[in-house]
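upload_20.cif (mmCIF, C-alpha atoms)
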data_my_file
#
loop_
_atom_site.label_atom_id
_atom_site.label_comp_id
_atom_site.auth_asym_id
_atom_site.auth_seq_id
_atom_site.Cartn_x
_atom_site.Cartn_y
_atom_site.Cartn_z
CA MET A 1 30.11 -28.99 -87.23
CA GLU A 2 28.81 -26.27 -89.53
CA LEU A 3 27.57 -24.29 -86.54
CA LYS A 4 30.93 -24.61 -84.80
CA SER A 5 32.85 -23.27 -87.80
CA LEU A 6 30.45 -20.33 -88.05
CA PHE A 7 31.00 -19.60 -84.36
CA ILE A 8 34.76 -19.64 -84.90
CA LEU A 9 34.36 -17.30 -87.89
CA ALA A 10 32.29 -14.91 -85.76
CA ILE A 11 34.72 -14.85 -82.82
CA SER A 12 37.72 -14.39 -85.09
CA SER A 13 36.17 -11.52 -87.02
CA ILE A 14 35.14 -9.74 -83.81
CA PHE A 15 38.43 -10.06 -81.94
CA ILE A 16 41.30 -11.33 -84.09
CA ASN A 17 40.57 -9.82 -87.49
CA ASN A 18 38.80 -6.81 -86.01
CA PHE A 19 37.76 -4.45 -88.81
CA ILE A 20 39.40 -1.43 -87.18
CA PHE A 21 42.46 -2.82 -85.46
CA ALA A 22 43.57 -5.50 -87.90
CA ARG A 23 42.00 -4.65 -91.26
CA PHE A 24 41.94 -0.81 -91.07
CA LEU A 25 38.44 -0.59 -92.52
CA GLY A 26 36.12 2.15 -91.31
CA THR A 27 38.80 4.29 -89.68
CA CYS A 28 37.22 7.63 -90.68
CA PRO A 29 33.95 7.16 -88.72
CA TYR A 30 35.99 5.47 -86.00
CA ILE A 31 37.89 8.68 -85.34
CA GLY A 32 35.01 11.00 -86.28
CA VAL A 33 32.11 9.55 -84.28
CA SER A 34 33.89 8.24 -81.18
CA LYS A 35 33.62 11.35 -79.01
CA GLN A 36 30.55 10.24 -77.02
CA ILE A 37 29.27 6.81 -76.04
CA ASP A 38 25.69 7.56 -77.18
CA SER A 39 26.66 8.46 -80.72
CA ALA A 40 29.13 5.55 -80.81
CA ILE A 41 26.29 3.13 -80.03
CA GLY A 42 24.08 4.71 -82.72
CA MET A 43 26.79 4.57 -85.37
CA GLY A 44 27.80 1.03 -84.39
CA THR A 45 24.23 -0.25 -84.65
CA ALA A 46 23.68 1.41 -88.02
CA VAL A 47 26.96 0.01 -89.42
CA THR A 48 26.26 -3.51 -88.12
CA PHE A 49 22.79 -3.47 -89.65
CA VAL A 50 23.92 -2.25 -93.06
CA MET A 51 27.01 -4.50 -93.11
CA THR A 52 24.87 -7.61 -92.54
CA LEU A 53 22.36 -6.61 -95.22
CA ALA A 54 25.06 -5.56 -97.69
CA SER A 55 26.94 -8.85 -97.20
CA ALA A 56 23.80 -10.80 -98.07
CA VAL A 57 22.76 -8.67 -101.06
CA THR A 58 26.19 -8.28 -102.65
CA TRP A 59 26.93 -11.99 -102.25
CA LEU A 60 23.70 -12.90 -104.07
CA ILE A 61 24.42 -10.39 -106.85
CA ASP A 62 27.97 -11.62 -107.29
CA PHE A 63 27.04 -15.30 -107.31
CA TYR A 64 23.98 -15.13 -109.55
CA LEU A 65 25.04 -12.38 -111.97
CA PHE A 66 28.83 -12.04 -112.13
CA GLU A 67 30.57 -15.32 -111.29
CA PRO A 68 31.22 -17.75 -114.16
CA VAL A 69 29.31 -20.63 -112.52
CA PRO A 70 26.38 -22.69 -113.87
CA ALA A 71 24.02 -20.83 -111.49
CA ASN A 72 24.70 -17.58 -113.38
CA LEU A 73 21.35 -16.07 -114.38
CA PHE A 74 22.57 -14.61 -117.70
CA TYR A 75 23.83 -18.08 -118.64
CA ARG A 76 20.49 -19.67 -117.78
CA VAL A 77 18.09 -17.08 -119.14
CA PHE A 78 19.85 -16.40 -122.45
CA SER A 79 21.11 -20.02 -122.78
CA LEU A 80 24.69 -18.91 -123.51
CA ALA A 81 27.39 -21.41 -124.49
CA THR A 82 29.51 -20.77 -121.37
CA PRO A 83 28.77 -18.84 -118.15
CA PRO A 84 30.04 -15.24 -118.62
CA ASP A 85 32.72 -13.84 -116.26
CA LEU A 86 31.50 -10.39 -115.25
CA THR A 87 33.47 -10.07 -112.01
CA PHE A 88 35.22 -6.92 -113.29
CA LEU A 89 31.90 -5.10 -112.71
CA LYS A 90 31.80 -5.83 -109.00
CA THR A 91 33.37 -2.57 -107.71
CA ILE A 92 30.90 -0.37 -109.62
CA ALA A 93 27.92 -2.62 -108.95
CA PHE A 94 28.61 -3.04 -105.23
CA ILE A 95 29.00 0.65 -104.49
CA LEU A 96 25.74 1.43 -106.30
CA VAL A 97 23.95 -1.40 -104.51
CA ILE A 98 25.25 -0.17 -101.15
CA ALA A 99 24.20 3.42 -101.88
CA ALA A 100 20.71 2.26 -102.90
CA LEU A 101 20.49 -0.08 -99.91
CA VAL A 102 21.37 2.69 -97.47
CA GLN A 103 18.70 4.96 -99.01
CA PHE A 104 16.16 2.14 -98.85
CA VAL A 105 16.94 1.28 -95.21
CA GLU A 106 16.67 4.96 -94.34
CA MET A 107 13.21 5.19 -95.95
CA VAL A 108 11.94 1.99 -94.32
CA ILE A 109 13.11 3.03 -90.86
CA GLN A 110 11.63 6.49 -91.31
CA LYS A 111 8.20 5.02 -92.14
CA THR A 112 8.13 2.16 -89.63
CA SER A 113 9.95 3.41 -86.58
CA PRO A 114 10.38 7.14 -86.03
CA ALA A 115 12.18 6.52 -82.72
CA LEU A 116 14.83 4.35 -84.36
CA TYR A 117 15.07 6.85 -87.22
CA LYS A 118 15.77 9.61 -84.74
CA ALA A 119 18.56 7.56 -83.18
CA LEU A 120 20.20 6.32 -86.41
CA GLY A 121 19.00 8.92 -88.93
CA ILE A 122 22.04 11.16 -89.08
CA TYR A 123 24.47 8.24 -89.29
CA LEU A 124 22.83 6.40 -92.17
CA PRO A 125 23.84 8.74 -95.03
CA LEU A 126 27.44 8.68 -93.79
CA ILE A 127 27.56 4.91 -94.11
CA THR A 128 27.62 4.81 -97.93
CA THR A 129 31.23 5.95 -97.96
CA ASN A 130 32.25 3.85 -94.98
CA CYS A 131 34.88 1.53 -96.39
CA ALA A 132 33.94 -1.23 -93.91
CA ILE A 133 30.73 -1.87 -95.91
CA LEU A 134 32.32 -2.14 -99.35
CA GLY A 135 35.29 -3.82 -97.69
CA VAL A 136 33.23 -6.64 -96.18
CA SER A 137 31.44 -7.20 -99.50
CA LEU A 138 34.73 -7.51 -101.40
CA LEU A 139 36.35 -9.62 -98.67
CA ASN A 140 33.46 -12.10 -98.76
CA ILE A 141 34.18 -12.67 -102.45
CA ASP A 142 37.99 -12.72 -102.06
CA LEU A 143 37.83 -15.21 -99.17
CA LYS A 144 35.35 -17.39 -101.13
CA TYR A 145 32.76 -17.50 -98.36
CA ASN A 146 29.38 -19.08 -99.01
CA PHE A 147 26.11 -17.23 -98.36
CA ILE A 148 25.75 -18.12 -94.67
CA GLN A 149 29.42 -17.44 -93.95
CA SER A 150 29.15 -14.04 -95.68
CA VAL A 151 26.18 -12.99 -93.57
CA VAL A 152 27.89 -14.14 -90.36
CA HIS A 153 31.07 -12.34 -91.43
CA GLY A 154 29.09 -9.13 -92.06
CA LEU A 155 27.25 -9.33 -88.74
CA SER A 156 30.27 -10.18 -86.62
CA GLY A 157 32.46 -7.66 -88.46
CA GLY A 158 29.89 -5.01 -87.59
CA LEU A 159 29.84 -6.14 -83.96
CA GLY A 160 33.64 -5.92 -83.84
CA PHE A 161 33.45 -2.40 -85.24
CA THR A 162 30.85 -1.48 -82.60
CA VAL A 163 32.97 -2.92 -79.76
CA ALA A 164 35.99 -0.92 -80.93
CA LEU A 165 33.91 2.25 -81.33
CA ILE A 166 32.30 2.05 -77.87
CA LEU A 167 35.60 1.25 -76.12
CA MET A 168 37.22 4.21 -77.85
CA ALA A 169 34.33 6.55 -76.98
CA GLY A 170 34.64 5.57 -73.31
CA ILE A 171 38.33 6.39 -73.33
CA ARG A 172 37.88 9.66 -75.24
CA GLU A 173 35.27 10.90 -72.76
CA LYS A 174 37.95 10.50 -70.07
CA LEU A 175 40.66 12.05 -72.29
CA GLU A 176 38.67 15.30 -72.37
CA LEU A 177 39.74 15.83 -68.74
CA ALA A 178 43.37 14.80 -69.19
CA ASP A 179 46.28 17.20 -69.53
CA ILE A 180 47.59 16.42 -73.03
CA PRO A 181 50.35 18.37 -74.85
CA LYS A 182 48.59 20.94 -77.04
CA PRO A 183 49.62 19.70 -80.53
CA LEU A 184 48.45 16.17 -79.68
CA ARG A 185 44.95 17.15 -78.54
CA GLY A 186 41.96 15.79 -80.44
CA ILE A 187 42.65 13.49 -83.36
CA PRO A 188 46.39 12.76 -82.84
CA ILE A 189 45.94 11.43 -79.29
CA ALA A 190 42.92 9.42 -80.48
CA PHE A 191 45.22 7.66 -82.95
CA VAL A 192 47.86 6.95 -80.32
CA MET A 193 45.11 5.52 -78.09
CA ALA A 194 43.87 3.40 -80.99
CA GLY A 195 47.42 2.11 -81.40
CA LEU A 196 47.59 1.06 -77.75
CA MET A 197 44.18 -0.62 -78.06
CA ALA A 198 45.37 -2.40 -81.19
CA ILE A 199 48.31 -3.78 -79.20
CA ALA A 200 45.81 -5.15 -76.68
CA PHE A 201 43.76 -6.69 -79.49
CA LEU A 202 46.94 -8.29 -80.92
CA GLY A 203 46.83 -10.49 -77.83
CA PHE A 204 43.69 -12.17 -79.20
CA SER A 205 45.69 -13.54 -82.14
CA GLY A 206 47.11 -16.07 -79.67
CA LEU A 207 43.64 -17.64 -79.35
CA LYS A 208 43.62 -21.21 -80.59
CA LEU A 209 40.25 -21.83 -82.25
CA LYS A 210 39.69 -25.33 -83.49
CA MET B 1 49.68 32.35 -110.48
CA SER B 2 46.38 31.05 -109.13
CA ALA B 3 46.73 27.86 -111.20
CA PHE B 4 50.07 27.24 -109.51
CA LYS B 5 48.42 27.74 -106.14
CA GLU B 6 45.74 25.14 -106.92
CA LEU B 7 48.54 22.67 -107.61
CA THR B 8 50.62 23.36 -104.52
CA LYS B 9 47.88 23.73 -101.91
CA GLY B 10 47.33 19.97 -101.74
CA ILE B 11 50.96 19.33 -100.89
CA TYR B 12 51.17 21.22 -97.61
CA ALA B 13 48.53 23.88 -96.85
CA GLU B 14 45.56 21.56 -97.48
CA ASN B 15 47.32 18.19 -97.37
CA PRO B 16 44.51 15.60 -97.33
CA ILE B 17 46.10 13.45 -94.61
CA PHE B 18 47.93 15.88 -92.35
CA ARG B 19 45.70 18.94 -92.53
CA GLN B 20 42.23 17.71 -93.58
CA VAL B 21 42.60 14.25 -91.91
CA ILE B 22 40.54 12.36 -94.50
CA GLY B 23 41.21 9.14 -96.43
CA LEU B 24 42.84 7.41 -93.49
CA CYS B 25 42.01 3.75 -94.07
CA PRO B 26 44.40 3.18 -97.00
CA THR B 27 46.97 5.41 -95.33
CA LEU B 28 47.10 3.21 -92.26
CA ALA B 29 46.91 -0.04 -94.18
CA VAL B 30 49.45 0.39 -96.97
CA SER B 31 52.15 2.49 -95.32
CA THR B 32 54.14 -0.56 -94.16
CA SER B 33 56.81 0.11 -96.80
CA ILE B 34 57.75 2.85 -99.23
CA ILE B 35 57.00 0.85 -102.35
CA ASN B 36 53.44 0.07 -101.21
CA GLY B 37 52.93 3.74 -100.40
CA LEU B 38 54.14 4.79 -103.85
CA GLY B 39 51.89 2.23 -105.58
CA MET B 40 48.81 3.33 -103.65
CA GLY B 41 49.68 7.02 -104.12
CA ALA B 42 50.08 6.62 -107.88
CA ALA B 43 46.79 4.73 -108.21
CA ALA B 44 44.89 7.32 -106.16
CA THR B 45 46.51 10.22 -108.07
CA PHE B 46 45.44 8.74 -111.40
CA VAL B 47 41.85 8.36 -110.17
CA LEU B 48 41.86 11.86 -108.64
CA ILE B 49 43.05 13.60 -111.81
CA PHE B 50 40.72 11.81 -114.22
CA SER B 51 37.62 11.82 -112.01
CA ASN B 52 38.17 15.54 -111.34
CA VAL B 53 38.48 16.22 -115.09
CA ILE B 54 35.35 14.27 -116.05
CA ILE B 55 33.27 15.65 -113.17
CA SER B 56 34.35 19.18 -114.04
CA MET B 57 33.35 18.58 -117.69
CA ILE B 58 29.86 17.38 -116.77
CA ARG B 59 29.28 19.75 -113.85
CA LYS B 60 26.77 21.93 -115.77
CA ILE B 61 24.52 19.08 -116.93
CA VAL B 62 24.42 17.03 -113.71
CA PRO B 63 21.21 17.60 -111.70
CA ALA B 64 22.14 18.77 -108.21
CA LYS B 65 20.02 16.17 -106.40
CA ILE B 66 21.69 13.09 -107.85
CA ARG B 67 25.19 14.47 -108.28
CA ILE B 68 26.76 12.27 -105.57
CA CYS B 69 25.54 9.07 -107.26
CA ILE B 70 26.92 10.25 -110.60
CA TYR B 71 30.25 11.21 -109.03
CA ILE B 72 30.53 7.76 -107.48
CA VAL B 73 29.89 6.04 -110.82
CA VAL B 74 32.58 8.16 -112.51
CA ILE B 75 35.05 7.43 -109.71
CA ALA B 76 34.22 3.70 -109.69
CA THR B 77 34.86 3.51 -113.43
CA PHE B 78 38.39 4.89 -113.09
CA VAL B 79 39.05 2.73 -110.04
CA THR B 80 38.09 -0.38 -112.02
CA MET B 81 40.49 0.71 -114.79
CA VAL B 82 43.33 1.15 -112.29
CA ASP B 83 42.48 -2.11 -110.54
CA LEU B 84 42.58 -4.17 -113.73
CA SER B 85 45.69 -2.40 -115.13
CA MET B 86 47.60 -2.93 -111.89
CA ALA B 87 46.57 -6.59 -111.75
CA GLY B 88 47.93 -6.96 -115.30
CA PHE B 89 51.14 -4.89 -115.20
CA LEU B 90 52.17 -4.79 -111.52
CA PRO B 91 50.81 -8.03 -110.02
CA ALA B 92 53.20 -8.00 -107.02
CA ILE B 93 52.14 -4.52 -105.82
CA HIS B 94 48.50 -5.25 -106.65
CA LYS B 95 48.64 -8.33 -104.46
CA SER B 96 50.23 -6.57 -101.48
CA LEU B 97 47.71 -3.69 -101.67
CA GLY B 98 44.88 -6.24 -101.71
CA ILE B 99 41.34 -4.94 -101.43
CA PHE B 100 42.58 -1.39 -100.88
CA VAL B 101 42.79 -0.86 -104.66
CA PRO B 102 39.03 -1.32 -105.25
CA LEU B 103 38.42 0.54 -101.98
CA ILE B 104 39.80 3.74 -103.58
CA VAL B 105 36.13 4.19 -104.59
CA VAL B 106 35.17 5.01 -101.02
CA ASN B 107 38.31 7.03 -100.29
CA CYS B 108 36.91 10.26 -98.88
CA ILE B 109 39.62 12.37 -100.55
CA ILE B 110 38.33 11.67 -104.05
CA LEU B 111 34.66 12.32 -103.35
CA ALA B 112 35.59 15.36 -101.26
CA ARG B 113 37.58 16.90 -104.17
CA ALA B 114 34.75 16.13 -106.59
CA GLU B 115 32.20 17.78 -104.33
CA ALA B 116 34.29 20.68 -103.03
CA PHE B 117 36.33 21.55 -106.11
CA ALA B 118 35.69 19.78 -109.43
CA GLY B 119 31.93 20.38 -109.29
CA LYS B 120 32.53 24.14 -109.21
CA ASN B 121 35.70 24.84 -111.20
CA SER B 122 37.04 24.64 -114.75
CA VAL B 123 38.56 21.48 -116.22
CA TRP B 124 42.15 22.77 -116.19
CA LEU B 125 42.04 23.92 -112.57
CA SER B 126 40.34 20.66 -111.50
CA ALA B 127 43.08 18.60 -113.14
CA LEU B 128 45.74 20.63 -111.29
CA ASP B 129 43.81 20.28 -108.03
CA GLY B 130 43.61 16.51 -108.50
CA LEU B 131 47.32 16.29 -109.27
CA GLY B 132 48.22 18.43 -106.24
CA MET B 133 46.02 16.43 -103.86
CA GLY B 134 47.41 13.21 -105.31
CA ILE B 135 50.97 14.36 -104.72
CA GLY B 136 50.07 15.42 -101.18
CA PHE B 137 48.50 12.01 -100.50
CA THR B 138 51.51 10.18 -101.96
CA PHE B 139 53.86 12.37 -99.89
CA ALA B 140 51.97 11.42 -96.71
CA LEU B 141 52.02 7.71 -97.57
CA VAL B 142 55.74 7.76 -98.38
CA LEU B 143 56.60 9.71 -95.23
CA LEU B 144 54.76 7.19 -93.05
CA GLY B 145 56.23 4.35 -95.12
CA VAL B 146 59.78 5.64 -94.55
CA ILE B 147 59.29 5.92 -90.79
CA ARG B 148 57.64 2.51 -90.46
CA GLU B 149 60.04 0.72 -92.78
CA ILE B 150 63.18 2.09 -91.09
CA LEU B 151 61.98 1.37 -87.56
CA GLY B 152 60.09 -1.81 -88.32
CA SER B 153 62.50 -3.64 -90.58
CA GLY B 154 65.66 -1.49 -90.47
CA SER B 155 65.67 -1.07 -94.23
CA LEU B 156 64.89 1.55 -96.88
CA LEU B 157 63.28 0.40 -100.15
CA GLY B 158 64.24 -3.14 -99.17
CA TYR B 159 67.98 -2.40 -98.59
CA PRO B 160 69.17 -2.83 -94.98
CA ILE B 161 70.63 0.50 -93.80
CA LEU B 162 70.83 0.27 -90.03
CA GLY B 163 73.33 -2.59 -89.80
CA THR B 164 73.08 -5.90 -88.00
CA SER B 165 73.21 -4.51 -84.46
CA PHE B 166 69.77 -2.89 -84.96
CA GLU B 167 66.91 -4.92 -83.55
CA PRO B 168 63.83 -4.20 -85.76
CA MET B 169 60.79 -2.93 -83.85
CA LEU B 170 58.32 -5.44 -85.22
CA ILE B 171 55.39 -3.52 -83.76
CA MET B 172 55.96 -0.71 -86.28
CA ILE B 173 54.99 -2.82 -89.28
CA LEU B 174 52.08 -4.41 -87.41
CA PRO B 175 48.73 -2.55 -87.21
CA PRO B 176 49.40 -0.79 -83.84
CA GLY B 177 52.51 0.86 -85.30
CA ALA B 178 50.39 2.45 -88.03
CA PHE B 179 48.05 4.10 -85.53
CA ILE B 180 50.83 5.33 -83.24
CA THR B 181 52.99 6.64 -86.11
CA ILE B 182 50.17 8.60 -87.73
CA GLY B 183 49.08 10.01 -84.36
CA LEU B 184 52.57 11.32 -83.61
CA VAL B 185 53.13 12.62 -87.16
CA LEU B 186 49.78 14.48 -87.02
CA GLY B 187 50.84 15.94 -83.68
CA PHE B 188 54.14 17.04 -85.24
CA PHE B 189 52.34 18.80 -88.12
CA ASN B 190 49.99 20.53 -85.65
CA TRP B 191 53.02 21.75 -83.69
CA LEU B 192 54.68 22.96 -86.92
CA GLU B 193 51.53 24.83 -87.96
CA ALA B 194 51.08 26.42 -84.53
CA LYS B 195 54.71 27.56 -84.59
CA ARG B 196 54.32 29.00 -88.10
CA GLN B 197 51.24 30.98 -87.08
CA ARG B 198 52.95 32.42 -84.01
CA ASN B 199 55.77 33.85 -86.13
#
What does this structure look like when you write it as structure tokens?
Amino acid sequence: MELKSLFILAISSIFINNFIFARFLGTCPYIGVSKQIDSAIGMGTAVTFVMTLASAVTWLIDFYLFEPVPANLFYRVFSLATPPDLTFLKTIAFILVIAALVQFVEMVIQKTSPALYKALGIYLPLITTNCAILGVSLLNIDLKYNFIQSVVHGLSGGLGFTVALILMAGIREKLELADIPKPLRGIPIAFVMAGLMAIAFLGFSGLKLK
Amino acid sequence: MSAFKELTKGIYAENPIFRQVIGLCPTLAVSTSIINGLGMGAAATFVLIFSNVIISMIRKIVPAKIRICIYIVVIATFVTMVDLSMAGFLPAIHKSLGIFVPLIVVNCIILARAEAFAGKNSVWLSALDGLGMGIGFTFALVLLGVIREILGSGSLLGYPILGTSFEPMLIMILPPGAFITIGLVLGFFNWLEAKRQRN
């Protein structure tokens, strides 16, 4: 039962609530890094990786430090009268955690796998200001997901982002050869294409998942 | 004269949305109606002005290597202030903007102005730059909001203006409409700029 609901969550965040086409998160790298399939795959992998990690870490921080629940560490360690509500700190804390996490991941990959670092290296610093990462962390809290659900949401959200990015890169490689009116060349036509793809993705909202 | 230029450049010549093409996520997400666009624009303008002022004040004592981290903390502080104030005073708009209020932190426009302008210029000029960019951003949001609201629901600021015979194009207020509208508007501004340069 649990597994089935996680599967439904994964499918719906890849196709129905796609981060690009339905939630508008991560649009800047979507337009910026979708010119070639190779770089789209690199960026997609890096984003998926960091989104999964960030979902896990920010959920733990929120639950054990900020939420007014009995599990709150401040409440336990300092034996306070009531669990403190520190949720107003989450925006500042999350962005710092994500920035530190990205730096950390970059260092680990650089030490352990130079080949992977070469493939992902230039995309990692860009990820800190990718709103999909902070977005998924805040959404996990807003939607009241538990730990497992948050991690699955992060992973599948990242996969959805990657699918959208690779599809777009494939189309843009073909667009290079097309005869497009001059003012629409480059970014404007990429947006119109994204709109048409979003219409296609709207079709998935008819899926009945139960 | 130059101070006036710093204020006006953000509105057309260096408009963050139409000319620099940054900060697109909130633009696409909240431009479904004019009132949402105005709310988002006002929130971002507030953060832009105050983060620019503070970053300009501390620009001489911030070590170059960790400046981005410090900028982000300053920006996040003002975003939290806006987030909590909006939740208290304007709960309806805060609810319809959703997570895009806290996401102002990662709006590229704000970090870009901190890095490209406020970190190098005086407090007064940075405040004007922030105000100008904020107005330019709000202008873009409202323009897209007007187009999408008229075509998508046949109304302006909630009042029906196109009569009963008009069949609303639902797609315009759904996500695909946002992408198509901004693509065509960007194309229009490119055409306008090319025409201006030819003359």
Per residue of chain A within 7 Å of chain B, note the shortest atom pair and the distance in Å to one decimal, counting all atoms listed in the file, and order the rows by chain and increasing residue number, as a Markdown table.
| residue | atom | partner | partner_atom | distance |
| --- | --- | --- | --- | --- |
| A:Phe21 | CA | B:Pro175 | CA | 6.5 |
| A:Ala22 | CA | B:Pro175 | CA | 6.0 |
| A:Phe24 | CA | B:Cys25 | CA | 5.5 |
| A:Leu25 | CA | B:Cys25 | CA | 5.8 |
| A:Gly26 | CA | B:Cys25 | CA | 6.7 |
| A:Thr27 | CA | B:Cys25 | CA | 5.5 |
| A:Cys28 | CA | B:Leu24 | CA | 6.3 |
| A:Thr91 | CA | B:Pro102 | CA | 6.3 |
| A:Ile92 | CA | B:Ala76 | CA | 5.3 |
| A:Thr129 | CA | B:Val106 | CA | 5.1 |
| A:Asn130 | CA | B:Val106 | CA | 6.8 |
| A:Cys131 | CA | B:Val106 | CA | 5.8 |
| A:Gly135 | CA | B:Leu103 | CA | 6.9 |
| A:Pro183 | CA | B:Gly187 | CA | 5.1 |
| A:Leu184 | CA | B:Gly187 | CA | 4.7 |
| A:Pro188 | CA | B:Gly183 | CA | 4.1 |
| A:Ile189 | CA | B:Gly183 | CA | 6.1 |
| A:Phe191 | CA | B:Gly183 | CA | 4.7 |
| A:Val192 | CA | B:Ile180 | CA | 4.5 |
| A:Ala194 | CA | B:Phe179 | CA | 6.2 |
| A:Gly195 | CA | B:Pro176 | CA | 4.3 |
| A:Leu196 | CA | B:Pro176 | CA | 6.6 |
| A:Ala198 | CA | B:Pro176 | CA | 5.1 |
| A:Ile199 | CA | B:Pro176 | CA | 5.6 |
Can those selected residues be exported to a file as a PDB file, keeping the file's coordinate frame so that it contains C-alpha atoms?
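again.pdb was written with the following content:
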ATOM      1  CA  PHE A  21      42.460  -2.820 -85.460  1.00  0.00           C
ATOM      2  CA  ALA A  22      43.570  -5.500 -87.900  1.00  0.00           C
ATOM      3  CA  PHE A  24      41.940  -0.810 -91.070  1.00  0.00           C
ATOM      4  CA  LEU A  25      38.440  -0.590 -92.520  1.00  0.00           C
ATOM      5  CA  GLY A  26      36.120   2.150 -91.310  1.00  0.00           C
ATOM      6  CA  THR A  27      38.800   4.290 -89.680  1.00  0.00           C
ATOM      7  CA  CYS A  28      37.220   7.630 -90.680  1.00  0.00           C
ATOM      8  CA  THR A  91      33.370  -2.570-107.710  1.00  0.00           C
ATOM      9  CA  ILE A  92      30.900  -0.370-109.620  1.00  0.00           C
ATOM     10  CA  THR A 129      31.230   5.950 -97.960  1.00  0.00           C
ATOM     11  CA  ASN A 130      32.250   3.850 -94.980  1.00  0.00           C
ATOM     12  CA  CYS A 131      34.880   1.530 -96.390  1.00  0.00           C
ATOM     13  CA  GLY A 135      35.290  -3.820 -97.690  1.00  0.00           C
ATOM     14  CA  PRO A 183      49.620  19.700 -80.530  1.00  0.00           C
ATOM     15  CA  LEU A 184      48.450  16.170 -79.680  1.00  0.00           C
ATOM     16  CA  PRO A 188      46.390  12.760 -82.840  1.00  0.00           C
ATOM     17  CA  ILE A 189      45.940  11.430 -79.290  1.00  0.00           C
ATOM     18  CA  PHE A 191      45.220   7.660 -82.950  1.00  0.00           C
ATOM     19  CA  VAL A 192      47.860   6.950 -80.320  1.00  0.00           C
ATOM     20  CA  ALA A 194      43.870   3.400 -80.990  1.00  0.00           C
ATOM     21  CA  GLY A 195      47.420   2.110 -81.400  1.00  0.00           C
ATOM     22  CA  LEU A 196      47.590   1.060 -77.750  1.00  0.00           C
ATOM     23  CA  ALA A 198      45.370  -2.400 -81.190  1.00  0.00           C
ATOM     24  CA  ILE A 199      48.310  -3.780 -79.200  1.00  0.00           C
TER      25      ILE A 199
END
Report task. Determine, counting all atoms listed in the file, which protein, DNA and RNA residues have an atom within 12 Å of an atom of segment 159-163 of chain B; residues of the same chain fewer than 6 positions away are not included. Present the result as a ChimeraX atom specification. Result -> /B:33-34,149-153
Requested in this report: Might you pull out every residue within 8 Å of Val82 of chain B, with all atoms listed in the file counted and same-chain residues fewer than 6 positions away left off, and present them as a PyMOL selection string?
Outcome: chain B and resi 43+46-47+101
Report task. Just say which residues the PyMOL selection byres ((chain B and resi 122-134) around 6) picks in this file, as a PyMOL selection string. Result -> chain B and resi 6-8+10+45+48-49+52-53+56+118+121+135-137
**Report entry** Pick from B:Met40, B:Leu156, B:Ala13, B:Leu170 nearest to Leu97 of chain B, counting only C-alpha atoms
**Finding:** B:Met40
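In this structure, atom CA of Ile187 of chain A sits 20.6 Å away from atom CA of Phe201 of chain A.
The spacing separating atom CA of Phe88 of chain A from atom CA of Ile109 of chain B amounts to 23.5 Å.
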Requested in this report: Tell me, as a PyMOL selection string, which residues lie within 12 Å of Phe204 of chain A, counting only C-alpha atoms; anything in the same chain fewer than 5 positions away does not count.
Outcome: chain A and resi 11-18+21-22+197-199+209
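Once the PyMOL selection byres ((chain A and resi 65-74) around 9) is applied to the depicted file, the selected set reads Leu60, Ile61, Asp62, Phe63, Tyr64, Tyr75, Arg76, Val77, Phe78, Ser79, Leu80, Thr82, Pro83, Pro84, Asp85, Leu86, Thr87, Phe88, Leu89 and Lys90 of chain A.
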